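Below is protein.cif, which holds mmCIF, C-alpha atoms.
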data_upload
#
loop_
_atom_site.label_atom_id
_atom_site.label_comp_id
_atom_site.auth_asym_id
_atom_site.auth_seq_id
_atom_site.Cartn_x
_atom_site.Cartn_y
_atom_site.Cartn_z
CA MET A 1 190.16 145.40 140.05
CA ASN A 2 189.80 149.16 139.75
CA LYS A 3 190.37 151.11 142.93
CA LYS A 4 188.02 154.02 143.59
CA ALA A 5 187.56 156.21 146.66
CA PHE A 6 184.09 156.06 148.21
CA ILE A 7 183.61 159.10 150.44
CA PHE A 8 180.59 159.44 152.74
CA ASP A 9 179.22 162.52 154.43
CA LEU A 10 177.97 161.74 157.95
CA ASP A 11 174.86 163.69 158.97
CA GLY A 12 171.86 162.69 156.87
CA VAL A 13 173.85 160.08 154.93
CA ILE A 14 175.10 157.54 157.47
CA VAL A 15 173.18 158.71 160.54
CA ASP A 16 170.43 161.27 161.00
CA THR A 17 171.82 163.60 163.63
CA ALA A 18 169.94 166.55 162.10
CA LYS A 19 167.18 166.00 164.69
CA TYR A 20 169.72 166.44 167.51
CA HIS A 21 171.21 169.54 165.91
CA PHE A 22 167.67 170.89 165.62
CA LEU A 23 166.84 170.28 169.29
CA ALA A 24 170.10 171.90 170.43
CA TRP A 25 169.67 174.94 168.17
CA GLN A 26 165.99 175.24 169.10
CA LYS A 27 166.93 175.45 172.78
CA ILE A 28 169.23 178.43 172.01
CA ALA A 29 166.58 180.04 169.77
CA ASP A 30 163.92 179.66 172.49
CA GLN A 31 166.18 181.44 174.99
CA LEU A 32 166.51 184.32 172.53
CA GLY A 33 162.80 184.43 171.66
CA ILE A 34 163.40 183.27 168.07
CA ALA A 35 160.87 180.99 166.36
CA PHE A 36 163.09 178.22 164.89
CA THR A 37 161.36 175.50 162.85
CA PRO A 38 162.46 172.19 161.25
CA GLU A 39 162.27 174.03 157.91
CA HIS A 40 164.82 176.58 159.17
CA ASN A 41 166.98 173.66 160.31
CA GLU A 42 167.01 172.27 156.75
CA GLY A 43 168.86 175.42 155.70
CA LEU A 44 171.65 174.63 158.16
CA LYS A 45 172.56 171.28 156.55
CA GLY A 46 176.24 171.17 155.71
CA VAL A 47 176.75 174.62 157.29
CA SER A 48 179.38 175.22 160.01
CA ARG A 49 178.35 175.73 163.62
CA VAL A 50 179.51 179.37 163.60
CA ARG A 51 177.62 180.19 160.41
CA SER A 52 174.53 178.35 161.68
CA LEU A 53 174.40 180.56 164.77
CA ASP A 54 174.77 183.68 162.61
CA LEU A 55 171.84 182.56 160.46
CA ILE A 56 169.67 181.96 163.52
CA LEU A 57 170.57 185.38 164.94
CA GLU A 58 169.76 186.96 161.55
CA LEU A 59 166.40 185.20 161.67
CA GLY A 60 165.65 186.92 164.98
CA LYS A 61 167.29 190.19 163.86
CA ILE A 62 169.59 189.95 166.87
CA THR A 63 173.06 191.49 167.10
CA ALA A 64 175.34 189.85 169.65
CA SER A 65 178.87 190.23 170.99
CA GLN A 66 181.50 187.62 170.16
CA GLU A 67 181.52 186.69 173.86
CA ASP A 68 177.81 185.85 173.76
CA LYS A 69 178.21 183.97 170.48
CA ASN A 70 181.02 181.86 171.93
CA LYS A 71 178.86 181.08 174.98
CA TRP A 72 175.92 179.96 172.81
CA LEU A 73 178.18 177.92 170.52
CA GLN A 74 179.60 176.07 173.51
CA GLN A 75 176.14 175.51 174.98
CA LYS A 76 174.83 174.20 171.65
CA ASN A 77 177.66 171.70 171.34
CA GLU A 78 177.30 170.51 174.94
CA ASP A 79 173.55 169.97 174.47
CA TYR A 80 174.16 168.22 171.13
CA LEU A 81 176.74 165.88 172.69
CA LEU A 82 174.27 165.00 175.47
CA TYR A 83 171.77 163.91 172.80
CA LEU A 84 174.49 161.78 171.19
CA THR A 85 175.26 159.93 174.44
CA ASP A 86 172.62 157.28 173.81
CA MET A 87 173.41 156.73 170.12
CA ASP A 88 173.92 153.14 169.01
CA TYR A 89 173.83 150.89 165.92
CA SER A 90 170.07 151.49 165.54
CA GLU A 91 170.77 155.11 164.52
CA ILE A 92 172.40 154.05 161.22
CA LEU A 93 170.15 154.96 158.31
CA PRO A 94 168.51 152.16 156.25
CA GLY A 95 170.69 150.49 153.65
CA VAL A 96 173.99 152.03 154.76
CA THR A 97 175.61 148.97 156.34
CA PRO A 98 175.05 146.63 153.33
CA ILE A 99 176.67 149.27 151.07
CA LEU A 100 179.69 149.53 153.39
CA GLN A 101 179.94 145.72 153.52
CA PHE A 102 179.78 145.47 149.72
CA LEU A 103 182.56 148.04 149.28
CA ARG A 104 184.70 146.31 151.91
CA GLU A 105 184.20 142.91 150.24
CA HIS A 106 185.26 144.44 146.92
CA GLN A 107 188.35 145.98 148.53
CA GLN A 108 187.32 149.55 147.78
CA PRO A 109 188.81 152.30 150.01
CA ILE A 110 186.22 154.08 152.15
CA ALA A 111 186.49 157.51 153.78
CA LEU A 112 184.34 159.85 155.78
CA GLY A 113 184.23 163.50 154.69
CA SER A 114 182.16 165.50 157.16
CA ALA A 115 181.93 169.02 158.59
CA SER A 116 181.04 167.47 161.95
CA LYS A 117 183.63 167.80 164.72
CA ASN A 118 182.02 164.82 166.46
CA ALA A 119 182.35 162.35 163.57
CA ARG A 120 184.71 159.89 165.27
CA PRO A 121 182.65 159.40 168.46
CA ILE A 122 179.49 158.99 166.37
CA LEU A 123 181.10 156.28 164.21
CA GLU A 124 182.39 154.57 167.37
CA LYS A 125 179.01 154.68 169.14
CA THR A 126 177.24 153.22 166.08
CA GLY A 127 179.90 150.50 165.75
CA ILE A 128 180.91 151.16 162.13
CA ILE A 129 184.19 153.03 162.50
CA GLY A 130 186.06 149.90 161.38
CA TYR A 131 184.73 150.26 157.83
CA PHE A 132 186.58 153.55 157.28
CA ASP A 133 190.14 153.69 155.99
CA ALA A 134 190.29 157.46 156.50
CA ILE A 135 188.29 160.07 158.41
CA VAL A 136 188.36 163.77 157.58
CA ASP A 137 186.08 165.90 159.74
CA GLY A 138 185.59 169.44 160.98
CA ASN A 139 188.75 169.20 163.08
CA ASP A 140 190.89 168.64 159.98
CA VAL A 141 189.71 171.34 157.56
CA THR A 142 189.44 175.12 157.51
CA ASN A 143 187.08 175.63 154.56
CA ALA A 144 183.39 174.66 154.68
CA LYS A 145 181.50 173.02 151.81
CA PRO A 146 180.93 173.92 148.94
CA ASP A 147 184.71 174.28 149.17
CA PRO A 148 185.97 170.79 148.24
CA GLU A 149 188.76 170.69 150.86
CA VAL A 150 187.22 167.92 153.01
CA PHE A 151 186.75 165.58 150.03
CA VAL A 152 190.11 166.40 148.42
CA GLN A 153 191.84 165.54 151.71
CA ALA A 154 189.91 162.28 151.98
CA ALA A 155 190.81 161.18 148.43
CA LYS A 156 194.46 162.05 149.08
CA LEU A 157 194.50 159.95 152.26
CA LEU A 158 193.09 157.03 150.27
CA GLY A 159 195.69 157.55 147.53
CA VAL A 160 193.08 158.03 144.80
CA ASP A 161 192.75 160.80 142.19
CA ASN A 162 189.76 163.14 142.46
CA LYS A 163 188.31 161.84 139.18
CA ASP A 164 188.15 158.36 140.71
CA ALA A 165 186.35 159.47 143.87
CA ILE A 166 182.63 159.00 144.50
CA VAL A 167 180.93 161.17 147.12
CA PHE A 168 177.63 160.42 148.90
CA GLU A 169 175.97 163.65 150.10
CA ASP A 170 172.57 164.85 151.34
CA SER A 171 173.18 168.61 151.17
CA VAL A 172 173.36 171.04 148.25
CA ALA A 173 176.65 172.45 149.56
CA GLY A 174 178.09 168.93 149.80
CA VAL A 175 177.05 168.01 146.26
CA GLN A 176 178.58 171.26 145.01
CA ALA A 177 181.80 170.50 146.92
CA ALA A 178 182.06 167.08 145.25
CA ASN A 179 181.40 168.61 141.83
CA ASN A 180 183.93 171.37 142.50
CA ALA A 181 186.54 168.70 143.23
CA GLY A 182 185.84 166.93 139.93
CA MET A 183 184.43 163.91 141.75
CA THR A 184 181.29 161.87 141.04
CA SER A 185 178.48 163.22 143.21
CA VAL A 186 175.72 160.92 144.45
CA GLY A 187 172.84 162.73 146.15
CA ILE A 188 171.00 160.94 148.96
CA GLY A 189 167.59 162.53 149.46
CA ASP A 190 165.17 164.75 147.54
CA GLU A 191 165.89 164.95 143.80
CA ASN A 192 164.30 168.41 143.62
CA ILE A 193 166.83 169.74 146.13
CA LEU A 194 169.88 167.71 145.04
CA HIS A 195 169.41 168.13 141.27
CA GLU A 196 173.06 169.18 140.82
CA ALA A 197 174.21 165.65 141.75
CA LYS A 198 175.20 163.30 138.94
CA TYR A 199 173.11 160.51 140.48
CA ILE A 200 170.32 160.74 143.06
CA PHE A 201 168.74 158.11 145.32
CA LYS A 202 166.01 158.67 147.88
CA ASP A 203 168.08 156.61 150.32
CA PHE A 204 170.54 153.71 150.23
CA THR A 205 167.77 151.09 150.11
CA TYR A 206 167.08 152.31 146.55
CA MET A 207 170.70 151.74 145.52
CA ASP A 208 171.44 148.42 143.83
CA THR A 209 174.89 146.84 144.10
CA SER A 210 175.03 146.79 140.29
CA PHE A 211 175.20 150.61 140.46
CA LEU A 212 178.29 150.36 142.68
CA GLU A 213 179.82 147.71 140.43
CA ALA A 214 179.40 150.02 137.43
CA LEU A 215 181.09 152.87 139.33
CA ILE A 216 184.01 150.62 140.28
CA LYS A 217 184.52 149.46 136.68
CA LYS A 218 184.50 152.99 135.20
#

Full structure transcribed into structure tokens:
Amino acid sequence: MNKKAFIFDLDGVIVDTAKYHFLAWQKIADQLGIAFTPEHNEGLKGVSRVRSLDLILELGKITASQEDKNKWLQQKNEDYLLYLTDMDYSEILPGVTPILQFLREHQQPIALGSASKNARPILEKTGIIGYFDAIVDGNDVTNAKPDPEVFVQAAKLLGVDNKDAIVFEDSVAGVQAANNAGMTSVGIGDENILHEAKYIFKDFTYMDTSFLEALIKK
């Protein structure tokens, strides 16, 4: 049987923590008198915490010292982690677990490739960490997507060439990172936004196992 590397992003692909990021960022924005909407939050998908804060400050035309920025970054993460406290299996997005089970049954290596620095606790709280043979998160990389570093590291840990790696992503930057690495990009979400992906599915419930079988046989 062919061995591929199946690499999953976390936020918006396996779990939807975007709502918690939004609430935590909105709290900071409210303190600063900045109107921060869910639409603004969409633009932060796949973007680092530091860059996200800069974008929010730009939105409010606010210049801040590094000391203030560090304080807000710490506050945002503490608030975000509080929201994560009650996460459980029910937070896993529809169709994800059957896909993971199928890949495990077919002895395909699975990795997580995420910018999140909280990836491991999230996978533990949702009870699916056992599916992953490798985890590369924001603690392991220096370059943010669309730089392919996170996915290249994941493929290397799984012992698979980039050309044999398949990446599931919900952000434009993530799809670009997969493409930049020479991997097969599978967009999960809106086809109008993720049009650079080789394949696109609204969510995992639209993905048939025959699609995965075809990828494995390639």

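Between CA of Val141 (chain A) and CA of Pro38 (chain A) there is a distance of 27.5 Å.
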
Set the distance at 10 Å and use all atoms listed in the file: which residues neighbour Phe8 (chain A) once local chain neighbours fewer than 6 positions away are removed? I'd like the list as a ChimeraX atom specification. /A:14,100,110-114,132,135,151,154,166-170,186

Please write as a PyMOL selection string the full residue list that the PyMOL selection byres ((chain A and resi 63-75) around 8) yields on this file. chain A and resi 28+49-50+53+57-58+61-62+76-79

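Comparing A:Val172, A:Ile128, A:Leu82, A:Ala119 by their smallest distance to Lys145 (chain A), the closest is A:Val172 (using all atoms listed in the file).
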
Which of these, A:Gln108, A:Gly174, A:Asp88, A:Gly95, has the shortest distance to Pro121 (chain A) once you count all atoms listed in the file? A:Asp88

Leaving out region 202-216 of chain A and any residue of its chain fewer than 2 positions from it, which residues lie within 10 Å of it when counting only C-alpha atoms, given as a ChimeraX atom specification? /A:1-6,12-14,93-99,102-103,106,108,164-166,168,170,184,187-191,200,218

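Among the candidates A:Ala178, A:Glu196, A:Pro146, A:Leu157, the one nearest to Val47 (chain A) when counting all atoms listed in the file is A:Pro146.
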
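For the pair CA of Ile92 (chain A) and CA of Arg120 (chain A), the separation is 14.2 Å.
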
Given only C-alpha atoms as the counted atoms, nearest of A:Thr85, A:Gln101, A:Ser185, A:Asn139 to Ser116 (chain A): A:Asn139

Could you tell me how far CA of Glu91 (chain A) lies from CA of Asp16 (chain A), in Å and to one decimal? 7.1 Å

Neighbouring residues of region 180-182 of chain A were defined as those with any atom within 8 Å, considering only C-alpha atoms; residues of the same chain fewer than 6 positions away were excluded. Please report them as a short mmCIF file (atom, residue, chain, number, x, y, z; two decimals) with C-alpha atoms, in the coordinates of the input.
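Writing done, so here's result07.cif:
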data_model
loop_
_atom_site.label_atom_id
_atom_site.label_comp_id
_atom_site.auth_asym_id
_atom_site.auth_seq_id
_atom_site.Cartn_x
_atom_site.Cartn_y
_atom_site.Cartn_z
CA PRO A 146 180.93 173.92 148.94
CA ASP A 147 184.71 174.28 149.17
CA PRO A 148 185.97 170.79 148.24
CA PHE A 151 186.75 165.58 150.03
CA VAL A 152 190.11 166.40 148.42
CA ASN A 162 189.76 163.14 142.46
CA LYS A 163 188.31 161.84 139.18
#

Just the residues within 12 Å of Met87 (chain A), please, counting only C-alpha atoms, with nothing from its chain fewer than 6 positions along; format it as a ChimeraX atom specification. /A:15-17,20,80-81,121-127

Determine the nearest neighbour of Ile34 (chain A) from the options A:Ile56, A:Gln107, A:Gly46, A:Gln153, counting only C-alpha atoms. A:Ile56

Any chance you could export region 25-70 of chain A with N, CA and C atoms, as a tab-separated table (two decimals), in the first residue's frame?
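Wrote selection.tsv, looks like this:
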chain	number	residue	atom	x	y	z
A	25	TRP	N	-10.18	38.47	21.06
A	25	TRP	CA	-9.72	39.68	20.37
A	25	TRP	C	-10.73	40.83	20.54
A	26	GLN	N	-12.01	40.48	20.50
A	26	GLN	CA	-13.04	41.51	20.63
A	26	GLN	C	-12.96	42.21	21.99
A	27	LYS	N	-12.62	41.45	23.01
A	27	LYS	CA	-12.48	42.01	24.35
A	27	LYS	C	-11.36	43.08	24.37
A	28	ILE	N	-10.23	42.75	23.72
A	28	ILE	CA	-9.12	43.71	23.61
A	28	ILE	C	-9.56	44.93	22.81
A	29	ALA	N	-10.21	44.67	21.66
A	29	ALA	CA	-10.65	45.76	20.78
A	29	ALA	C	-11.62	46.70	21.51
A	30	ASP	N	-12.54	46.11	22.28
A	30	ASP	CA	-13.50	46.92	23.05
A	30	ASP	C	-12.79	47.85	24.02
A	31	GLN	N	-11.77	47.32	24.68
A	31	GLN	CA	-10.99	48.14	25.64
A	31	GLN	C	-10.35	49.34	24.94
A	32	LEU	N	-9.99	49.14	23.67
A	32	LEU	CA	-9.29	50.18	22.92
A	32	LEU	C	-10.24	51.03	22.08
A	33	GLY	N	-11.54	50.75	22.19
A	33	GLY	CA	-12.53	51.52	21.44
A	33	GLY	C	-12.52	51.23	19.94
A	34	ILE	N	-12.14	49.99	19.59
A	34	ILE	CA	-12.08	49.60	18.18
A	34	ILE	C	-13.27	48.69	17.87
A	35	ALA	N	-14.01	49.02	16.80
A	35	ALA	CA	-15.12	48.16	16.38
A	35	ALA	C	-14.54	46.97	15.63
A	36	PHE	N	-14.66	45.77	16.22
A	36	PHE	CA	-14.06	44.55	15.65
A	36	PHE	C	-15.17	43.54	15.39
A	37	THR	N	-15.40	43.20	14.13
A	37	THR	CA	-16.52	42.36	13.71
A	37	THR	C	-16.07	40.95	13.34
A	38	PRO	N	-17.02	40.01	13.23
A	38	PRO	CA	-16.67	38.65	12.75
A	38	PRO	C	-16.00	38.69	11.38
A	39	GLU	N	-16.37	39.67	10.55
A	39	GLU	CA	-15.76	39.79	9.22
A	39	GLU	C	-14.28	40.13	9.35
A	40	HIS	N	-13.96	41.04	10.29
A	40	HIS	CA	-12.56	41.36	10.55
A	40	HIS	C	-11.81	40.12	11.02
A	41	ASN	N	-12.49	39.32	11.85
A	41	ASN	CA	-11.87	38.11	12.39
A	41	ASN	C	-11.52	37.11	11.30
A	42	GLU	N	-12.32	37.07	10.23
A	42	GLU	CA	-12.03	36.18	9.09
A	42	GLU	C	-10.64	36.47	8.52
A	43	GLY	N	-10.28	37.75	8.52
A	43	GLY	CA	-8.98	38.15	7.98
A	43	GLY	C	-7.80	37.74	8.84
A	44	LEU	N	-8.08	37.25	10.05
A	44	LEU	CA	-7.01	36.82	10.95
A	44	LEU	C	-6.76	35.32	10.88
A	45	LYS	N	-7.52	34.61	10.06
A	45	LYS	CA	-7.36	33.15	9.95
A	45	LYS	C	-5.95	32.81	9.45
A	46	GLY	N	-5.29	31.93	10.16
A	46	GLY	CA	-3.96	31.50	9.75
A	46	GLY	C	-2.87	32.53	10.02
A	47	VAL	N	-3.23	33.64	10.68
A	47	VAL	CA	-2.28	34.73	10.95
A	47	VAL	C	-1.78	34.60	12.39
A	48	SER	N	-0.50	34.89	12.62
A	48	SER	CA	0.07	34.77	13.97
A	48	SER	C	-0.59	35.75	14.94
A	49	ARG	N	-0.43	35.44	16.23
A	49	ARG	CA	-1.03	36.28	17.26
A	49	ARG	C	-0.47	37.71	17.20
A	50	VAL	N	0.84	37.82	17.02
A	50	VAL	CA	1.49	39.14	16.97
A	50	VAL	C	0.97	39.97	15.79
A	51	ARG	N	0.90	39.32	14.63
A	51	ARG	CA	0.43	40.02	13.43
A	51	ARG	C	-1.06	40.38	13.57
A	52	SER	N	-1.82	39.49	14.20
A	52	SER	CA	-3.26	39.75	14.40
A	52	SER	C	-3.47	41.02	15.22
A	53	LEU	N	-2.68	41.17	16.29
A	53	LEU	CA	-2.80	42.37	17.12
A	53	LEU	C	-2.46	43.61	16.31
A	54	ASP	N	-1.39	43.52	15.51
A	54	ASP	CA	-1.00	44.66	14.68
A	54	ASP	C	-2.13	45.07	13.73
A	55	LEU	N	-2.80	44.09	13.15
A	55	LEU	CA	-3.90	44.37	12.22
A	55	LEU	C	-5.07	45.05	12.94
A	56	ILE	N	-5.35	44.60	14.15
A	56	ILE	CA	-6.43	45.20	14.93
A	56	ILE	C	-6.08	46.65	15.31
A	57	LEU	N	-4.82	46.86	15.70
A	57	LEU	CA	-4.38	48.22	16.04
A	57	LEU	C	-4.44	49.14	14.81
A	58	GLU	N	-4.05	48.58	13.64
A	58	GLU	CA	-4.14	49.35	12.39
A	58	GLU	C	-5.59	49.73	12.10
A	59	LEU	N	-6.49	48.80	12.39
A	59	LEU	CA	-7.92	49.04	12.18
A	59	LEU	C	-8.39	50.25	12.98
A	60	GLY	N	-7.87	50.37	14.21
A	60	GLY	CA	-8.25	51.49	15.06
A	60	GLY	C	-7.31	52.68	14.96
A	61	LYS	N	-6.34	52.56	14.01
A	61	LYS	CA	-5.34	53.63	13.83
A	61	LYS	C	-4.65	53.97	15.16
A	62	ILE	N	-4.27	52.92	15.87
A	62	ILE	CA	-3.64	53.08	17.19
A	62	ILE	C	-2.17	52.68	17.12
A	63	THR	N	-1.31	53.53	17.66
A	63	THR	CA	0.11	53.22	17.79
A	63	THR	C	0.36	52.88	19.26
A	64	ALA	N	1.06	51.76	19.49
A	64	ALA	CA	1.26	51.33	20.88
A	64	ALA	C	2.72	50.93	21.10
A	65	SER	N	3.14	51.01	22.36
A	65	SER	CA	4.50	50.58	22.72
A	65	SER	C	4.56	49.05	22.73
A	66	GLN	N	5.76	48.52	22.64
A	66	GLN	CA	5.93	47.06	22.68
A	66	GLN	C	5.45	46.51	24.02
A	67	GLU	N	5.64	47.30	25.07
A	67	GLU	CA	5.20	46.88	26.41
A	67	GLU	C	3.68	46.68	26.45
A	68	ASP	N	2.95	47.64	25.86
A	68	ASP	CA	1.49	47.51	25.81
A	68	ASP	C	1.08	46.32	24.94
A	69	LYS	N	1.76	46.18	23.80
A	69	LYS	CA	1.44	45.06	22.91
A	69	LYS	C	1.63	43.73	23.62
A	70	ASN	N	2.74	43.59	24.33
A	70	ASN	CA	3.00	42.34	25.06
A	70	ASN	C	1.92	42.06	26.10
